[in-house]
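J.: My questions will all concern the structure given below.
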There are 2 protein chains.
Amino acid sequence: MTKVDKDIFLKLGQFYKIMGDETRLRILNLLEKRELKVGEIAIRLEMTSSAISHQLQILRYHKLVKSRREGKEIYYSLQDDHIMGIVKYGMEHILERKKA
Amino acid sequence: MTKVDKDIFLKLGQFYKIMGDETRLRILNLLEKRELKVGEIAIRLEMTSSAISHQLQILRYHKLVKSRREGKEIYYSLQDDHIMGIVKYGMEHILERKKA
DNA sequence: CCTATATTTGAATAATTGTTCATATATTCA
DNA sequence: TGAATATATGAACAATTATTCAAATATAGG
């Protein structure tokens with residue numbers, strides 16, 4: 001296994017780690033429909049704004065979401081079109097799997 | 001969000017968590033080509049047999065690999081055909097993403 | 001039986017991580 | 001300027017996790 005190959009698995013592993021959190025997946029799922037402010041996400045997921053904000057920072061750092069301020073509020077939306085495709089793809093197959 | 005919806009993200013998150021480890025991804029990648037004994041995997045990944053064995057138990061528990069004994073050795077192979085499809089799909093898109 | 005080899009197992013450890021809480025920052029409006 | 005609201009930030013905490021180490025188990029061959 002070359003250094004490059006190892007690197008691919010490191011990157012892929014990192015991606016899966018980011019997605020390996022229920023809260024982050026649920027945030028991305030909400031944002032797929034439309035952009036939302038932090039507070040709205042918090043209410044929908046029944047969590048504190050702080051917890052949501054922390055997760056949004058992680059998602060933003062990894063360029064999965066972007067933000068835009070409008071007055072006191074900050075709207076978040078998906079930045080990467082690919083991502084939800086991957087998630088949906090995974091979702092279908094996981095559900096297939098569960099049936100079997 | 002219904003309880004069922006939440007459940008989907010929990011399951012999906014769990015799947016991603018399993019895949020969110022470089023060692024496990026590399027093991028699965030090796031097994032995609034052919035079945036291997038624990039020791040062979042350990043050598044290929046330059047890790048101890050114990051570390052590999054621990055990870056194999058996790059993969060087996062989640063029904064991603066299966067094992068078969070042959071004398072003193074135990075051969076592992078992929079159990080789920082879907083899985084590597086998902087991984088490959090993710091891999092291609094992650095690499096696409098990196099370019100952008 | 002005894003030894004050597006392959007693998008598993010359990011405890012211990014260090015590292016990472018998600019949430020909470022308190023506080024800080026930014027913005028609006030009076 | 002001051003109060004109110006929205007969000008971000010940092011420290012602390014508990015929980016999870018990957019690897020290591022030592023010991024246990026299983027198998028084959030002498």
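As shown in the structure tokens, the chain order sets the letters A, B, ...; within each chain, residues go from 1, and ligands are also counted from 1 in the order they appear.
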I'd like the neighbourhood of DA12 of chain D as a PyMOL selection string, where a residue qualifies if any of its atoms comes within 12 Å (using only C-alpha atoms (C1' of nucleotides)), though same-chain residues fewer than 6 positions away should be ignored.
T.: chain C and resi 19-22
J.: Would you list the contacts of Ile83 of chain B as a list in words, taking every protein, DNA or RNA residue within 12 Å and counting only C-alpha atoms (C1' of nucleotides), but skipping same-chain residues closer than 4 positions in sequence?
T.: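 Selected residues are Tyr89, Gly90, Met91, Glu92, His93, Ile94, Glu96 and Arg97 of chain A; Phe15, Tyr16, Ile18, Met19, Leu25, Leu28, Asn29, Leu31, Glu32, Leu59, His62, Lys63, Leu64, Val65, Leu78, Gln79, Val87, Lys88, Tyr89 and Gly90 of chain B.
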J.: Wanna dump the chain B-chain A contacts at 6 Å for me, each residue with its shortest atom pair and the distance in Å to one decimal, counting only C-alpha atoms, ordered by chain and number, as JSON lines?
T.:
```
{"residue": "B:Phe9", "atom": "CA", "partner": "A:Glu22", "partner_atom": "CA", "distance": 5.6}
{"residue": "B:Leu10", "atom": "CA", "partner": "A:Glu22", "partner_atom": "CA", "distance": 5.5}
{"residue": "B:Gly13", "atom": "CA", "partner": "A:Gly20", "partner_atom": "CA", "distance": 4.4}
{"residue": "B:Tyr16", "atom": "CA", "partner": "A:Gly20", "partner_atom": "CA", "distance": 4.5}
{"residue": "B:Lys17", "atom": "CA", "partner": "A:Gly20", "partner_atom": "CA", "distance": 4.4}
{"residue": "B:Gly20", "atom": "CA", "partner": "A:Tyr16", "partner_atom": "CA", "distance": 4.4}
{"residue": "B:Asp21", "atom": "CA", "partner": "A:Gly13", "partner_atom": "CA", "distance": 5.2}
{"residue": "B:Glu22", "atom": "CA", "partner": "A:Gly13", "partner_atom": "CA", "distance": 5.2}
```
J.: With 9 Å as the cut-off and only C-alpha atoms (C1' of nucleotides) counted, what is the closest atom pair between each nearby residue of chain A and chain D? Distances in Å to one decimal, ordered by chain and number, as CSV.
T.:
```
residue,atom,partner,partner_atom,distance
A:Val38,CA,D:DT7,C1',7.5
A:Gly39,CA,D:DA6,C1',7.7
A:Ser49,CA,D:DT7,C1',7.8
A:Ser50,CA,D:DA8,C1',7.9
A:Ser53,CA,D:DA8,C1',7.1
A:His54,CA,D:DA8,C1',8.2
A:Lys72,CA,D:DA6,C1',5.4
A:Glu73,CA,D:DA6,C1',5.6
A:Ile74,CA,D:DT7,C1',7.4
```
J.: Lay chain A over chain B using all C-alpha atoms, matched one to one in order, with a least-squares fit; then write it out as a compact mmCIF listing (two decimals) with N, CA and C atoms, in the first residue's frame.
T.:
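Printed below is part.txt as written:
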```txt
# COMPACT_ATOMS: atom_id res chain seq x y z
N MET A 1 -39.97 16.14 12.95
CA MET A 1 -39.24 14.90 12.67
C MET A 1 -39.80 13.75 13.51
N THR A 2 -40.25 12.74 12.82
CA THR A 2 -40.85 11.61 13.53
C THR A 2 -39.79 10.72 14.16
N LYS A 3 -40.24 9.84 15.00
CA LYS A 3 -39.33 8.91 15.66
C LYS A 3 -38.63 8.02 14.64
N VAL A 4 -39.37 7.67 13.60
CA VAL A 4 -38.82 6.83 12.54
C VAL A 4 -37.68 7.56 11.83
N ASP A 5 -37.94 8.84 11.51
CA ASP A 5 -36.92 9.64 10.83
C ASP A 5 -35.66 9.72 11.67
N LYS A 6 -35.85 10.00 12.95
CA LYS A 6 -34.71 10.07 13.85
C LYS A 6 -33.93 8.77 13.80
N ASP A 7 -34.67 7.69 13.76
CA ASP A 7 -34.08 6.36 13.77
C ASP A 7 -33.19 6.15 12.55
N ILE A 8 -33.63 6.66 11.41
CA ILE A 8 -32.85 6.52 10.19
C ILE A 8 -31.50 7.18 10.35
N PHE A 9 -31.50 8.37 10.93
CA PHE A 9 -30.24 9.09 11.09
C PHE A 9 -29.36 8.43 12.13
N LEU A 10 -29.99 7.81 13.11
CA LEU A 10 -29.22 7.07 14.10
C LEU A 10 -28.51 5.91 13.41
N LYS A 11 -29.26 5.17 12.61
CA LYS A 11 -28.70 4.01 11.90
C LYS A 11 -27.61 4.44 10.93
N LEU A 12 -27.92 5.49 10.18
CA LEU A 12 -26.95 5.97 9.20
C LEU A 12 -25.70 6.48 9.91
N GLY A 13 -25.91 7.18 11.02
CA GLY A 13 -24.78 7.66 11.80
C GLY A 13 -23.93 6.52 12.31
N GLN A 14 -24.59 5.46 12.73
CA GLN A 14 -23.87 4.28 13.22
C GLN A 14 -23.03 3.67 12.10
N PHE A 15 -23.62 3.59 10.93
CA PHE A 15 -22.89 3.05 9.79
C PHE A 15 -21.65 3.89 9.49
N TYR A 16 -21.84 5.20 9.46
CA TYR A 16 -20.71 6.08 9.18
C TYR A 16 -19.64 5.97 10.27
N LYS A 17 -20.09 5.77 11.50
CA LYS A 17 -19.12 5.63 12.59
C LYS A 17 -18.23 4.41 12.36
N ILE A 18 -18.86 3.32 11.94
CA ILE A 18 -18.08 2.11 11.68
C ILE A 18 -17.06 2.37 10.58
N MET A 19 -17.50 3.07 9.55
CA MET A 19 -16.63 3.35 8.42
C MET A 19 -15.65 4.48 8.72
N GLY A 20 -15.87 5.19 9.77
CA GLY A 20 -15.04 6.35 10.08
C GLY A 20 -13.74 6.01 10.76
N ASP A 21 -13.15 4.92 10.36
CA ASP A 21 -11.87 4.53 10.93
C ASP A 21 -10.97 4.01 9.81
N GLU A 22 -9.82 4.61 9.72
CA GLU A 22 -8.89 4.30 8.65
C GLU A 22 -8.55 2.81 8.60
N THR A 23 -8.29 2.25 9.75
CA THR A 23 -7.91 0.84 9.81
C THR A 23 -9.01 -0.06 9.26
N ARG A 24 -10.24 0.20 9.68
CA ARG A 24 -11.35 -0.64 9.21
C ARG A 24 -11.54 -0.50 7.70
N LEU A 25 -11.41 0.73 7.21
CA LEU A 25 -11.56 0.94 5.77
C LEU A 25 -10.49 0.17 5.01
N ARG A 26 -9.27 0.20 5.54
CA ARG A 26 -8.17 -0.47 4.86
C ARG A 26 -8.34 -1.98 4.90
N ILE A 27 -8.86 -2.49 6.01
CA ILE A 27 -9.14 -3.93 6.09
C ILE A 27 -10.17 -4.32 5.04
N LEU A 28 -11.25 -3.58 4.97
CA LEU A 28 -12.31 -3.89 4.01
C LEU A 28 -11.77 -3.82 2.59
N ASN A 29 -10.93 -2.84 2.35
CA ASN A 29 -10.34 -2.69 1.02
C ASN A 29 -9.49 -3.90 0.65
N LEU A 30 -8.73 -4.41 1.61
CA LEU A 30 -7.91 -5.59 1.35
C LEU A 30 -8.81 -6.80 1.07
N LEU A 31 -9.85 -6.93 1.87
CA LEU A 31 -10.73 -8.09 1.75
C LEU A 31 -11.56 -8.06 0.47
N GLU A 32 -11.64 -6.91 -0.15
CA GLU A 32 -12.40 -6.83 -1.38
C GLU A 32 -11.74 -7.68 -2.47
N LYS A 33 -10.41 -7.73 -2.41
CA LYS A 33 -9.70 -8.50 -3.44
C LYS A 33 -9.80 -9.99 -3.18
N ARG A 34 -9.55 -10.38 -1.94
CA ARG A 34 -9.67 -11.80 -1.60
C ARG A 34 -9.68 -12.00 -0.09
N GLU A 35 -10.11 -13.17 0.33
CA GLU A 35 -10.14 -13.43 1.76
C GLU A 35 -8.71 -13.51 2.28
N LEU A 36 -8.52 -13.11 3.53
CA LEU A 36 -7.20 -13.07 4.12
C LEU A 36 -7.25 -13.52 5.56
N LYS A 37 -6.12 -14.11 6.04
CA LYS A 37 -6.07 -14.44 7.45
C LYS A 37 -5.62 -13.21 8.24
N VAL A 38 -5.91 -13.26 9.52
CA VAL A 38 -5.61 -12.14 10.41
C VAL A 38 -4.16 -11.69 10.28
N GLY A 39 -3.26 -12.66 10.33
CA GLY A 39 -1.84 -12.35 10.27
C GLY A 39 -1.44 -11.64 8.99
N GLU A 40 -2.05 -12.06 7.88
CA GLU A 40 -1.74 -11.42 6.60
C GLU A 40 -2.17 -9.95 6.61
N ILE A 41 -3.35 -9.74 7.13
CA ILE A 41 -3.84 -8.36 7.20
C ILE A 41 -2.91 -7.52 8.07
N ALA A 42 -2.50 -8.09 9.19
CA ALA A 42 -1.63 -7.38 10.13
C ALA A 42 -0.33 -6.97 9.44
N ILE A 43 0.25 -7.91 8.68
CA ILE A 43 1.50 -7.62 7.98
C ILE A 43 1.30 -6.52 6.94
N ARG A 44 0.25 -6.68 6.14
CA ARG A 44 -0.01 -5.71 5.09
C ARG A 44 -0.23 -4.30 5.64
N LEU A 45 -0.90 -4.23 6.77
CA LEU A 45 -1.20 -2.90 7.32
C LEU A 45 -0.16 -2.46 8.35
N GLU A 46 0.84 -3.32 8.56
CA GLU A 46 1.90 -3.00 9.53
C GLU A 46 1.33 -2.65 10.90
N MET A 47 0.48 -3.56 11.37
CA MET A 47 -0.10 -3.38 12.71
C MET A 47 -0.05 -4.74 13.41
N THR A 48 -0.29 -4.74 14.72
CA THR A 48 -0.27 -5.99 15.47
C THR A 48 -1.52 -6.82 15.13
N SER A 49 -1.38 -8.14 15.25
CA SER A 49 -2.52 -9.02 15.03
C SER A 49 -3.65 -8.70 16.00
N SER A 50 -3.27 -8.33 17.19
CA SER A 50 -4.28 -8.01 18.20
C SER A 50 -5.14 -6.83 17.77
N ALA A 51 -4.48 -5.79 17.32
CA ALA A 51 -5.23 -4.61 16.89
C ALA A 51 -6.16 -4.98 15.73
N ILE A 52 -5.64 -5.76 14.80
CA ILE A 52 -6.46 -6.16 13.66
C ILE A 52 -7.64 -7.02 14.12
N SER A 53 -7.35 -7.93 15.01
CA SER A 53 -8.39 -8.82 15.51
C SER A 53 -9.53 -8.03 16.16
N HIS A 54 -9.14 -7.05 16.96
CA HIS A 54 -10.17 -6.21 17.59
C HIS A 54 -11.07 -5.57 16.54
N GLN A 55 -10.45 -5.03 15.51
CA GLN A 55 -11.23 -4.36 14.49
C GLN A 55 -12.09 -5.36 13.71
N LEU A 56 -11.55 -6.55 13.49
CA LEU A 56 -12.32 -7.57 12.79
C LEU A 56 -13.56 -7.98 13.58
N GLN A 57 -13.43 -8.00 14.89
CA GLN A 57 -14.59 -8.34 15.71
C GLN A 57 -15.69 -7.30 15.53
N ILE A 58 -15.27 -6.04 15.47
CA ILE A 58 -16.26 -4.97 15.26
C ILE A 58 -16.93 -5.13 13.90
N LEU A 59 -16.12 -5.39 12.89
CA LEU A 59 -16.67 -5.55 11.55
C LEU A 59 -17.58 -6.77 11.47
N ARG A 60 -17.22 -7.81 12.20
CA ARG A 60 -18.02 -9.03 12.17
C ARG A 60 -19.33 -8.83 12.92
N TYR A 61 -19.25 -8.14 14.05
CA TYR A 61 -20.44 -7.86 14.83
C TYR A 61 -21.47 -7.11 13.99
N HIS A 62 -20.95 -6.23 13.15
CA HIS A 62 -21.86 -5.44 12.31
C HIS A 62 -22.12 -6.11 10.95
N LYS A 63 -21.73 -7.35 10.87
CA LYS A 63 -22.01 -8.18 9.69
C LYS A 63 -21.41 -7.62 8.40
N LEU A 64 -20.24 -7.03 8.52
CA LEU A 64 -19.56 -6.54 7.33
C LEU A 64 -18.56 -7.58 6.83
N VAL A 65 -18.10 -8.43 7.73
CA VAL A 65 -17.19 -9.50 7.32
C VAL A 65 -17.64 -10.81 7.97
N LYS A 66 -17.19 -11.90 7.38
CA LYS A 66 -17.45 -13.21 7.99
C LYS A 66 -16.13 -13.96 8.06
N SER A 67 -16.10 -15.00 8.88
CA SER A 67 -14.84 -15.70 9.08
C SER A 67 -15.02 -17.21 8.92
N ARG A 68 -13.91 -17.85 8.64
CA ARG A 68 -13.93 -19.29 8.50
C ARG A 68 -12.58 -19.81 8.95
N ARG A 69 -12.61 -20.83 9.79
CA ARG A 69 -11.36 -21.35 10.32
C ARG A 69 -10.80 -22.41 9.38
N GLU A 70 -9.49 -22.43 9.27
CA GLU A 70 -8.82 -23.46 8.50
C GLU A 70 -7.55 -23.79 9.26
N GLY A 71 -7.65 -24.80 10.09
CA GLY A 71 -6.52 -25.15 10.94
C GLY A 71 -6.32 -24.10 12.01
N LYS A 72 -5.10 -23.65 12.11
CA LYS A 72 -4.81 -22.65 13.14
C LYS A 72 -5.23 -21.25 12.72
N GLU A 73 -5.47 -21.12 11.43
CA GLU A 73 -5.72 -19.78 10.92
C GLU A 73 -7.20 -19.51 10.69
N ILE A 74 -7.52 -18.23 10.70
CA ILE A 74 -8.91 -17.85 10.46
C ILE A 74 -8.94 -16.86 9.30
N TYR A 75 -9.72 -17.22 8.29
CA TYR A 75 -9.82 -16.38 7.09
C TYR A 75 -11.03 -15.48 7.21
N TYR A 76 -10.81 -14.24 6.86
CA TYR A 76 -11.91 -13.27 6.86
C TYR A 76 -12.22 -12.85 5.43
N SER A 77 -13.51 -12.61 5.17
CA SER A 77 -13.92 -12.12 3.86
C SER A 77 -15.13 -11.20 4.03
N LEU A 78 -15.44 -10.47 2.98
CA LEU A 78 -16.57 -9.54 3.04
C LEU A 78 -17.88 -10.31 3.10
N GLN A 79 -18.79 -9.80 3.90
CA GLN A 79 -20.07 -10.46 4.02
C GLN A 79 -21.15 -9.71 3.25
N ASP A 80 -20.94 -8.42 3.10
CA ASP A 80 -21.99 -7.58 2.53
C ASP A 80 -21.53 -7.00 1.20
N ASP A 81 -22.22 -7.37 0.14
CA ASP A 81 -21.83 -6.92 -1.19
C ASP A 81 -22.06 -5.42 -1.38
N HIS A 82 -23.09 -4.92 -0.74
CA HIS A 82 -23.42 -3.50 -0.87
C HIS A 82 -22.29 -2.59 -0.40
N ILE A 83 -21.75 -2.98 0.74
CA ILE A 83 -20.86 -2.08 1.47
C ILE A 83 -19.75 -1.47 0.63
N MET A 84 -19.01 -2.31 -0.07
CA MET A 84 -17.89 -1.76 -0.81
C MET A 84 -18.37 -0.84 -1.93
N GLY A 85 -19.59 -1.09 -2.41
CA GLY A 85 -20.18 -0.19 -3.39
C GLY A 85 -20.35 1.20 -2.78
N ILE A 86 -20.85 1.23 -1.57
CA ILE A 86 -21.04 2.51 -0.90
C ILE A 86 -19.70 3.20 -0.67
N VAL A 87 -18.74 2.40 -0.22
CA VAL A 87 -17.41 2.96 0.05
C VAL A 87 -16.80 3.54 -1.23
N LYS A 88 -16.89 2.75 -2.30
CA LYS A 88 -16.30 3.22 -3.58
C LYS A 88 -17.01 4.47 -4.06
N TYR A 89 -18.33 4.46 -3.94
CA TYR A 89 -19.12 5.63 -4.33
C TYR A 89 -18.64 6.86 -3.57
N GLY A 90 -18.53 6.67 -2.25
CA GLY A 90 -18.06 7.77 -1.41
C GLY A 90 -16.67 8.21 -1.81
N MET A 91 -15.81 7.23 -2.07
CA MET A 91 -14.41 7.51 -2.39
C MET A 91 -14.31 8.41 -3.62
N GLU A 92 -15.03 8.04 -4.67
CA GLU A 92 -14.99 8.83 -5.90
C GLU A 92 -15.40 10.28 -5.65
N HIS A 93 -16.47 10.40 -4.88
CA HIS A 93 -16.98 11.75 -4.66
C HIS A 93 -16.07 12.57 -3.76
N ILE A 94 -15.45 11.90 -2.81
CA ILE A 94 -14.53 12.61 -1.93
C ILE A 94 -13.35 13.11 -2.74
N LEU A 95 -12.88 12.28 -3.66
CA LEU A 95 -11.74 12.69 -4.47
C LEU A 95 -12.14 13.82 -5.41
N GLU A 96 -13.32 13.75 -5.97
CA GLU A 96 -13.85 14.84 -6.78
C GLU A 96 -13.79 16.14 -5.99
N ARG A 97 -14.32 16.02 -4.79
CA ARG A 97 -14.44 17.14 -3.87
C ARG A 97 -13.09 17.78 -3.59
N LYS A 98 -12.10 16.95 -3.40
CA LYS A 98 -10.77 17.45 -3.04
C LYS A 98 -10.21 18.32 -4.15
N LYS A 99 -10.49 17.91 -5.39
CA LYS A 99 -9.98 18.67 -6.53
C LYS A 99 -10.54 20.08 -6.55
N ALA A 100 -11.84 20.16 -6.25
CA ALA A 100 -12.54 21.45 -6.35
C ALA A 100 -12.03 22.47 -5.34
```
J.: Could you give me, as a Markdown table, a per-residue list for chain C showing, wherever an atom lies at most 12 Å from an atom of chain B, the closest pair of atoms and their distance in Å to one decimal, using only C-alpha atoms (C1' of nucleotides) and sorting by chain then residue number from low to high?
T.:
```
| residue | atom | partner | partner_atom | distance |
| --- | --- | --- | --- | --- |
| C:DA4 | C1' | B:Lys72 | CA | 11.2 |
| C:DT5 | C1' | B:Lys72 | CA | 7.5 |
| C:DA6 | C1' | B:Lys72 | CA | 5.4 |
| C:DT7 | C1' | B:Glu73 | CA | 7.3 |
| C:DT8 | C1' | B:Ser53 | CA | 7.2 |
| C:DT9 | C1' | B:His54 | CA | 8.9 |
| C:DG10 | C1' | B:His54 | CA | 11.2 |
```
J.: What are the DSSP strand (DSSP E) residues of segment 5-75 of chain A, as a list in words?
T.: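 For segment 5-75 of chain A, the strand (DSSP E) set is Leu36, Lys37, Val65, Lys66, Ser67, Arg68, Arg69, Glu70, Glu73, Ile74 and Tyr75 of chain A.
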J.: The selected residues should be written to file as a JSON list (two decimals), in the first residue's frame (atoms: N, CA and C atoms).
T.:
```json
[["chain", "number", "residue", "atom", "x", "y", "z"],
["A", 36, "LEU", "N", -31.54, 27.73, 6.94],
["A", 36, "LEU", "CA", -32.17, 27.92, 8.24],
["A", 36, "LEU", "C", -31.23, 28.68, 9.16],
["A", 37, "LYS", "N", -31.83, 29.44, 10.11],
["A", 37, "LYS", "CA", -31.00, 30.07, 11.11],
["A", 37, "LYS", "C", -30.73, 29.09, 12.24],
["A", 65, "VAL", "N", -21.17, 23.32, 4.89],
["A", 65, "VAL", "CA", -22.21, 24.35, 4.93],
["A", 65, "VAL", "C", -21.55, 25.73, 4.84],
["A", 66, "LYS", "N", -22.36, 26.69, 4.46],
["A", 66, "LYS", "CA", -21.87, 28.07, 4.46],
["A", 66, "LYS", "C", -22.90, 28.93, 5.19],
["A", 67, "SER", "N", -22.48, 30.12, 5.59],
["A", 67, "SER", "CA", -23.37, 30.95, 6.39],
["A", 67, "SER", "C", -23.45, 32.36, 5.83],
["A", 68, "ARG", "N", -24.53, 33.02, 6.21],
["A", 68, "ARG", "CA", -24.72, 34.39, 5.76],
["A", 68, "ARG", "C", -25.50, 35.10, 6.86],
["A", 69, "ARG", "N", -25.02, 36.27, 7.23],
["A", 69, "ARG", "CA", -25.68, 36.99, 8.31],
["A", 69, "ARG", "C", -26.80, 37.86, 7.75],
["A", 70, "GLU", "N", -27.87, 37.96, 8.51],
["A", 70, "GLU", "CA", -28.96, 38.86, 8.15],
["A", 70, "GLU", "C", -29.46, 39.45, 9.45],
["A", 73, "GLU", "N", -29.44, 37.49, 12.96],
["A", 73, "GLU", "CA", -29.46, 36.05, 12.72],
["A", 73, "GLU", "C", -28.46, 35.62, 11.66],
["A", 74, "ILE", "N", -28.10, 34.35, 11.74],
["A", 74, "ILE", "CA", -27.18, 33.81, 10.75],
["A", 74, "ILE", "C", -27.81, 32.60, 10.09],
["A", 75, "TYR", "N", -27.90, 32.67, 8.77],
["A", 75, "TYR", "CA", -28.52, 31.58, 8.01],
["A", 75, "TYR", "C", -27.46, 30.63, 7.51]]
```
J.: List every residue of chain A that DSSP, applied to the backbone of this structure, places in helix (DSSP H, G or I), and write the result as a PyMOL selection string.
T.: chain A and resi 3-19+22-33+38-45+49-61+81-99
